[in-house]
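**Q** Below you will find the structure I want to go over with you.
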Amino acid sequence: MKPKVAFFDFASCEGCQLAILNCEEILLDILNLINLVEFREALSETSPRYDIAFVEGSIHRDKDIERIQNLRSRTNFLVALGACACNGNVQARSNFVAPAVNYGVVYGEKARNRVQVDPDYWSLWAHTRVRPLDSIVKVDAYLRGCPAVPEEFLHLVKSLLQGTAPYFPQIPVCADCKKNENECVFEQGRTCMGPVTWGGCNSICVNKGYVCDGCRGSLPHANVDAHISLMREYKIDDKDIRSRYRLFLGAEPIGRGV
Amino acid sequence: MDLKAKTYTIDVKHVTRVEGHGRIIVNTKEGVVQEVKLAITEANRFFENFVKGMQPAEVPWIVSRICGICCVGHQLTATKAVEAALGIQVSPQTILLRKLLTESQFLQSHVLHVYFLAVPDYLGVKSVLPLAKSHPDVVKRALRLKKLANDYTAMFGGRTLHPMSNTLKGFRKLPHLDDVAALRKRLLEAIPDVEETVRVAQTLKIPPYERETEYVSLKHPDEYALYDGEVYSSDTRSKVPVSRYREVTNEFTVAHSTTKWSKWHRCSYFAGALARVNNNFDQLLPQAQQTAKDLGLKVPCYNPYMNNVAQVVEVVHCAYNSVRMLDELLGSGLKEEDISYEVKAGRGAGSCEVPRGILFHEYEFDGDGRCSAANAIIPTSQNVNNIEQDMKAFVPKMLPQMSKEELTLHMEMLLRAYDPCISCSVHMLDVEFVD
């Protein structure tokens with residue numbers, strides 16, 4: 001029987017679901033192999049149970065926690081889709097500021113005060129802090145990056161359809177850069193998060209003339225101390241190093257600790 | 001049916017086929033409308049606060065994450081705002097490349113919206129999926145056009161989502177002219193698909209509801225304003241400079257929405273394809289003007305459901321205008337440019353039209369070149385007020401002749417016609433009807 005597949009989103013730009021819709025050439029073939037039962041961005045249908053749930057977005061509010069726990073209880077396999085779901089992404093930078101201050105700055109003092117006193121608004125508005133999915137529920141597989149990489153999505157779908165676990169090697173972005181014969185960003189006189197960042201993106205940002213900012217999250221066992229020493233060698237002051245680590249990694253221990 | 005029997009509670013908690021989380025609430029009692037509400041329930045992400053402390057070039061790169069569908073528009077608008085803050089001048093080559101990026105995004109977004117999100121309503125199906133079996137040619141054409149638009153964005157932006165090639169003052173990496181020529185050829189070959197899209201739009205039965213409102217868009221002296229211009233109102237028939245955008249948006253908060261609302265000369269205004277076509281019709285390319293005629297869009301048009309038709313008109317405009325701009329690029333060639341810039345304190349605003357309407361960004365930098373303040377006003381947050389006004393005007397007219405299901409569908413279609421982008425605006429939307 002075709003697996004029941006569903007897509008969900010929490011706080012995010014919904015770009016990773018779009019990245020999947022952008023697999024135009026193979027989209028119809030995939031749809032023949034699965035039973036797509038829920039995808040709010042593109043369909044109106046819903047379903048009570050799923051074999052595979054793809055979840056985009058980070059968790060901010062108590063009611064989001066309830067929703068992701070409920071989702072988890074109704075799916076066999078849960079995939080964190082994209083950087084927001086995998087590691088909190090850029091919005092985790094707001095964790096370094098008190099929520100009340102955030103509301104005051106973005107919505108004004110009056111709205112902030114109402115949020116704090118009116119219980120009707122609390123559940124809708126109450127922002128606690130930005131968390132990746134696996135700080136709340138078990139996640140079975142991660143599609144990293146901002147945005148997620150279509151090739152990795154296809155690898156995951158093919159693996160699951162064949163009943164095998166998808167395999168994403170623990171290699172840094174530097175491995176992709178070597179494969180593409182890019183000149184090292186440090187050699188160009190700029191700094192890069194590539195050495196501590198989970199690869200698999202084909203180093204697309206460096207290929208296109210930019211640097212790696214670490215959107216795919218920190219690689220397990222990354223040698224952060226050596227990376228920070230390297231940044232210091234390149235005369236990057238500690239404040240900038242911290243800012244760099246908190247650009248995409250604000251919700252990770254590595255970003256909080258630097 | 002007896003009007004007295006019409007006591008409905010319609011609550012569409014998560015409106016589907018829109019970007020983000022919104023809810024429609026309609027409450028009628030014995031044929032009298034009690035409550036119509038468009039609630040926005042998307043979780044906050046606080047972009048305007050967390051970009052503080054970032055370096056100038058990081059800002060456009062990060063704020064593209066406000067929205068996946070409009071990432072190009074957010075990035076370009078932020079780029080212009082930061083350049084205004086730092087007094088950076090850009091070359092004609094850079095402007096041309098950015099205009100190409102802009103139009104690639106219009107093609108991508110409008111094709112996605114018309115085929116995947118809006119057309120299913122008109123064909124009486126719940127999504128594009130059944131169409132893959134019943135109308136495979138339509139779906140395959142939609143995918144072909146979408147792929148072309150995505151490849152077009154990737155050629156100039158470096159990739160389709162959150163592009164990295166565009167930055168302050170210029171581009172980090174330029175495309176090869178051979179690839180540009182190949183893209184031009186593909187665009188020309190896609191013209192029959194564009195024409196078929198117009199024919200699909202001709203078959204849509206657009207609900208006939210009208211409500212005159214204020215139409216706000218950019219206006220440019222020389223061209224159909226998408227990348228640049230000043231802010232124009234159909235009420236005053238005059239323009240204000242982008243730097244005075246706060247006089248336009250006059251944002252305020254309402255209890256049932258995590259997005260902020262806007263109003264200018266009256267209680268609400270319309271931003272988006274219909275506003276642009278209404279305000280700048282004469283500057284559309286002749287092919288697009290003809291499309292408007294073929295589709296029965298006569299300006300000024302006060303029917304918000306016609307926004308879908310206006311999007312198709314813009315697809316035609318952007319397809320032909322892109323070929324024209326690619327010719328210009330192939331004629332002038334591309335050269336590497338210096339993209340270094342001086343950091344200094346300053347404040348600046350920028351505006352672009354994005355598929356869903358006019359977008360404003362503003363940033364301030366301190367003497368160390370760190371972002372110290374930010375503001376972004378998104379088309380959907382400008383539109384939610386107008387959508388709710390439309391609902392309030394239309395529900396009493398629809399109620400006598402429609403069942404609850406039809407009314408619900410028409411409310412959802414209205415919302416989808418605006419192509420709301422709720423991740424952008426809060427970033428979320430919920431539709432709830434209370435009978």
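Identifiers in the structure tokens: chain A, B, ... in order shown; residue index from 1 per chain; ligand index from 1 in order shown.
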DSSP on the backbone, then: every residue of segment 28-226 of chain A marked strand (DSSP E or B), written as a list in words.
**A**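 Checking each residue of segment 28-226 of chain A, the strand (DSSP E or B) ones are Asn35, Leu36, Val37, Glu38, Phe39, Tyr50, Asp51, Ile52, Ala53, Phe54, Val55, Glu56, Ser58, Ile59, Thr75, Asn76, Phe77, Leu78, Val79, Ala80, Leu81, Arg131, Ala141, Tyr142, Leu143, Pro172, Thr197, Trp198 and Ser218 of chain A.
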**Q** Deliver the residues from the most recent selection as a file, using C-alpha atoms, as an mmCIF file, in the first residue's frame.
**A**
data_model
loop_
_atom_site.group_PDB
_atom_site.id
_atom_site.type_symbol
_atom_site.label_atom_id
_atom_site.label_comp_id
_atom_site.auth_asym_id
_atom_site.auth_seq_id
_atom_site.Cartn_x
_atom_site.Cartn_y
_atom_site.Cartn_z
ATOM 1 C CA ASN A 35 -0.631 8.896 -0.970
ATOM 2 C CA LEU A 36 -0.388 12.615 -0.210
ATOM 3 C CA VAL A 37 -3.071 13.102 2.425
ATOM 4 C CA GLU A 38 -2.371 16.525 3.904
ATOM 5 C CA PHE A 39 -0.485 19.583 2.650
ATOM 6 C CA TYR A 50 0.191 9.298 8.629
ATOM 7 C CA ASP A 51 3.057 7.016 7.736
ATOM 8 C CA ILE A 52 5.462 9.875 7.069
ATOM 9 C CA ALA A 53 5.013 13.441 8.297
ATOM 10 C CA PHE A 54 7.282 16.229 7.052
ATOM 11 C CA VAL A 55 7.298 19.108 9.508
ATOM 12 C CA GLU A 56 8.675 22.527 8.678
ATOM 13 C CA SER A 58 10.299 25.945 14.754
ATOM 14 C CA ILE A 59 8.259 25.736 17.957
ATOM 15 C CA THR A 75 2.635 9.529 12.546
ATOM 16 C CA ASN A 76 4.976 6.564 12.245
ATOM 17 C CA PHE A 77 7.911 8.547 10.896
ATOM 18 C CA LEU A 78 8.612 12.226 11.487
ATOM 19 C CA VAL A 79 10.988 14.239 9.319
ATOM 20 C CA ALA A 80 12.254 17.666 10.408
ATOM 21 C CA LEU A 81 12.106 19.627 7.152
ATOM 22 C CA ARG A 131 13.038 25.625 19.727
ATOM 23 C CA ALA A 141 15.232 12.105 10.109
ATOM 24 C CA TYR A 142 16.558 15.578 9.362
ATOM 25 C CA LEU A 143 16.492 17.442 6.056
ATOM 26 C CA PRO A 172 31.577 19.248 6.904
ATOM 27 C CA THR A 197 28.794 22.921 9.499
ATOM 28 C CA TRP A 198 26.998 19.769 8.421
ATOM 29 C CA SER A 218 26.685 22.273 13.545
#
**Q** For chain B against chain A, with a cut-off of 7 Å and counting only C-alpha atoms, what is the closest atom pair and its distance in Å to one decimal for every residue that makes the cut, ordered by chain and number, as JSON lines?
**A**
{"residue": "B:Thr16", "atom": "CA", "partner": "A:Arg40", "partner_atom": "CA", "distance": 4.8}
{"residue": "B:Arg17", "atom": "CA", "partner": "A:Glu41", "partner_atom": "CA", "distance": 4.5}
{"residue": "B:Val18", "atom": "CA", "partner": "A:Glu41", "partner_atom": "CA", "distance": 5.6}
{"residue": "B:Glu19", "atom": "CA", "partner": "A:Glu41", "partner_atom": "CA", "distance": 5.9}
{"residue": "B:Thr41", "atom": "CA", "partner": "A:Leu124", "partner_atom": "CA", "distance": 6.4}
{"residue": "B:Ala43", "atom": "CA", "partner": "A:Ala11", "partner_atom": "CA", "distance": 5.6}
{"residue": "B:Arg45", "atom": "CA", "partner": "A:Gln91", "partner_atom": "CA", "distance": 5.7}
{"residue": "B:Phe46", "atom": "CA", "partner": "A:Asn102", "partner_atom": "CA", "distance": 6.4}
{"residue": "B:Phe47", "atom": "CA", "partner": "A:Gln91", "partner_atom": "CA", "distance": 6.9}
{"residue": "B:Glu48", "atom": "CA", "partner": "A:Val106", "partner_atom": "CA", "distance": 6.4}
{"residue": "B:Asn49", "atom": "CA", "partner": "A:Asn102", "partner_atom": "CA", "distance": 6.3}
{"residue": "B:Phe50", "atom": "CA", "partner": "A:Ser94", "partner_atom": "CA", "distance": 5.3}
{"residue": "B:Arg65", "atom": "CA", "partner": "A:Cys13", "partner_atom": "CA", "distance": 5.9}
{"residue": "B:Ile66", "atom": "CA", "partner": "A:Cys13", "partner_atom": "CA", "distance": 5.6}
{"residue": "B:Cys67", "atom": "CA", "partner": "A:Cys13", "partner_atom": "CA", "distance": 4.2}
{"residue": "B:Gly68", "atom": "CA", "partner": "A:Gly15", "partner_atom": "CA", "distance": 3.7}
{"residue": "B:Ile69", "atom": "CA", "partner": "A:Gly15", "partner_atom": "CA", "distance": 6.4}
{"residue": "B:Phe116", "atom": "CA", "partner": "A:Ala42", "partner_atom": "CA", "distance": 6.6}
{"residue": "B:Leu117", "atom": "CA", "partner": "A:Ala42", "partner_atom": "CA", "distance": 6.3}
{"residue": "B:Lys126", "atom": "CA", "partner": "A:Ser44", "partner_atom": "CA", "distance": 5.5}
{"residue": "B:Ser127", "atom": "CA", "partner": "A:Leu43", "partner_atom": "CA", "distance": 4.7}
{"residue": "B:Leu143", "atom": "CA", "partner": "A:Glu24", "partner_atom": "CA", "distance": 5.6}
{"residue": "B:Lys147", "atom": "CA", "partner": "A:Glu24", "partner_atom": "CA", "distance": 6.2}
{"residue": "B:Gly158", "atom": "CA", "partner": "A:Lys208", "partner_atom": "CA", "distance": 6.0}
{"residue": "B:Leu161", "atom": "CA", "partner": "A:Pro147", "partner_atom": "CA", "distance": 6.6}
{"residue": "B:Met164", "atom": "CA", "partner": "A:Cys205", "partner_atom": "CA", "distance": 6.5}
{"residue": "B:Ser165", "atom": "CA", "partner": "A:Lys208", "partner_atom": "CA", "distance": 6.4}
{"residue": "B:Arg172", "atom": "CA", "partner": "A:Gly209", "partner_atom": "CA", "distance": 5.4}
{"residue": "B:Lys173", "atom": "CA", "partner": "A:Gly209", "partner_atom": "CA", "distance": 5.6}
{"residue": "B:Ser423", "atom": "CA", "partner": "A:Cys13", "partner_atom": "CA", "distance": 5.6}
**Q** Quick one: residues within 8 Å of Ala393 of chain B, only C-alpha atoms counted, chain neighbours fewer than 4 positions away excluded, as a short mmCIF file (atom, residue, chain, number, x, y, z; two decimals) with N, CA and C atoms, in the first residue's frame?
**A**
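Result went into part.cif, see below:
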data_model
loop_
_atom_site.label_atom_id
_atom_site.label_comp_id
_atom_site.auth_asym_id
_atom_site.auth_seq_id
_atom_site.Cartn_x
_atom_site.Cartn_y
_atom_site.Cartn_z
N ARG B 211 -16.48 46.05 -4.84
CA ARG B 211 -16.45 47.06 -3.79
C ARG B 211 -15.31 48.01 -4.11
N GLN B 389 -12.87 44.06 5.06
CA GLN B 389 -13.91 45.01 4.59
C GLN B 389 -14.71 44.39 3.44
N LYS B 397 -24.64 40.41 0.85
CA LYS B 397 -25.13 40.25 -0.52
C LYS B 397 -25.22 38.77 -0.90
#
**Q** Leu96 of chain B: which residues within 10 Å, counting only C-alpha atoms, same-chain residues fewer than 3 positions away excluded, as a list in words?
**A** Ser91, Pro92, Gln93, Lys99, Leu100, Leu101, Thr102, Tyr227, Met325, Leu326, Glu328 and Leu329 of chain B
**Q** Could you please take those selected residues and save N, CA and C atoms as a PDB file, in the first residue's frame?
**A**
ATOM      1  N   SER B  91      25.055  50.408 -10.240  1.00  0.00           N
ATOM      2  CA  SER B  91      25.250  50.603 -11.681  1.00  0.00           C
ATOM      3  C   SER B  91      23.985  50.217 -12.455  1.00  0.00           C
ATOM      4  N   PRO B  92      23.866  50.722 -13.707  1.00  0.00           N
ATOM      5  CA  PRO B  92      22.744  50.291 -14.550  1.00  0.00           C
ATOM      6  C   PRO B  92      22.722  48.775 -14.742  1.00  0.00           C
ATOM      7  N   GLN B  93      23.909  48.140 -14.809  1.00  0.00           N
ATOM      8  CA  GLN B  93      23.955  46.678 -14.964  1.00  0.00           C
ATOM      9  C   GLN B  93      23.280  45.991 -13.782  1.00  0.00           C
ATOM     10  N   LYS B  99      16.097  43.800 -11.916  1.00  0.00           N
ATOM     11  CA  LYS B  99      14.773  43.801 -12.554  1.00  0.00           C
ATOM     12  C   LYS B  99      14.458  42.421 -13.122  1.00  0.00           C
ATOM     13  N   LEU B 100      15.479  41.761 -13.664  1.00  0.00           N
ATOM     14  CA  LEU B 100      15.267  40.404 -14.169  1.00  0.00           C
ATOM     15  C   LEU B 100      14.880  39.458 -13.026  1.00  0.00           C
ATOM     16  N   LEU B 101      15.594  39.582 -11.907  1.00  0.00           N
ATOM     17  CA  LEU B 101      15.254  38.758 -10.739  1.00  0.00           C
ATOM     18  C   LEU B 101      13.816  39.010 -10.312  1.00  0.00           C
ATOM     19  N   THR B 102      13.431  40.291 -10.296  1.00  0.00           N
ATOM     20  CA  THR B 102      12.073  40.664  -9.897  1.00  0.00           C
ATOM     21  C   THR B 102      11.044  39.974 -10.778  1.00  0.00           C
ATOM     22  N   TYR B 227      10.105  47.064  -9.928  1.00  0.00           N
ATOM     23  CA  TYR B 227      11.313  47.143  -9.114  1.00  0.00           C
ATOM     24  C   TYR B 227      11.449  48.497  -8.424  1.00  0.00           C
ATOM     25  N   MET B 325      14.259  42.504 -21.769  1.00  0.00           N
ATOM     26  CA  MET B 325      15.397  42.825 -20.897  1.00  0.00           C
ATOM     27  C   MET B 325      16.583  41.902 -21.163  1.00  0.00           C
ATOM     28  N   LEU B 326      16.313  40.627 -21.473  1.00  0.00           N
ATOM     29  CA  LEU B 326      17.408  39.705 -21.780  1.00  0.00           C
ATOM     30  C   LEU B 326      18.112  40.136 -23.056  1.00  0.00           C
ATOM     31  N   GLU B 328      18.404  43.198 -24.012  1.00  0.00           N
ATOM     32  CA  GLU B 328      19.207  44.348 -23.594  1.00  0.00           C
ATOM     33  C   GLU B 328      20.505  43.875 -22.940  1.00  0.00           C
ATOM     34  N   LEU B 329      20.387  42.850 -22.094  1.00  0.00           N
ATOM     35  CA  LEU B 329      21.557  42.325 -21.389  1.00  0.00           C
ATOM     36  C   LEU B 329      22.537  41.683 -22.373  1.00  0.00           C
TER      37      LEU B 329
END
**Q** Restricting the calculation to only C-alpha atoms, which member of A:Ala222, A:Leu154, A:Cys174, A:Cys212 is positioned closest to Val196 of chain A?
**A** A:Ala222
**Q** Which polymer residues have any atom within 12 Å of an atom of Asp137 of chain B, counting only C-alpha atoms, with same-chain residues fewer than 4 positions away left out, as a VMD selection string?
**A** chain B and resid 115 131 to 133 141 to 144 193 196 to 197 200
**Q** DSSP on the backbone: what in segment 5-177 of chain A comes out alpha helix (DSSP H), as a ChimeraX atom specification?
**A** /A:15-21,24-33,62-73,83-87,99-107,109-117,119-125,150-161,173-177
**Q** Residues near Ile171 of chain A, anyone? I mean within 8 Å using only C-alpha atoms, not counting same-chain ones fewer than 5 positions away, as a PyMOL selection string.
**A** chain A and resi 198-200+219
**Q** Go ahead and dump the residues you just picked, C-alpha atoms, as an mmCIF file, in the first residue's frame.
**A**
data_model
loop_
_atom_site.group_PDB
_atom_site.id
_atom_site.type_symbol
_atom_site.label_atom_id
_atom_site.label_comp_id
_atom_site.auth_asym_id
_atom_site.auth_seq_id
_atom_site.Cartn_x
_atom_site.Cartn_y
_atom_site.Cartn_z
ATOM 1 C CA TRP A 198 26.998 19.769 8.421
ATOM 2 C CA GLY A 199 27.689 19.276 4.682
ATOM 3 C CA GLY A 200 25.524 17.776 1.955
ATOM 4 C CA LEU A 219 28.313 18.970 12.717
#
**Q** Using only C-alpha atoms, can you tell me which of A:Gly189, A:Gly250, A:Gly82, A:Gly257 comes closest to Met231 of chain A?
**A**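 Ranked by minimum distance to Met231 of chain A, first place goes to A:Gly189.
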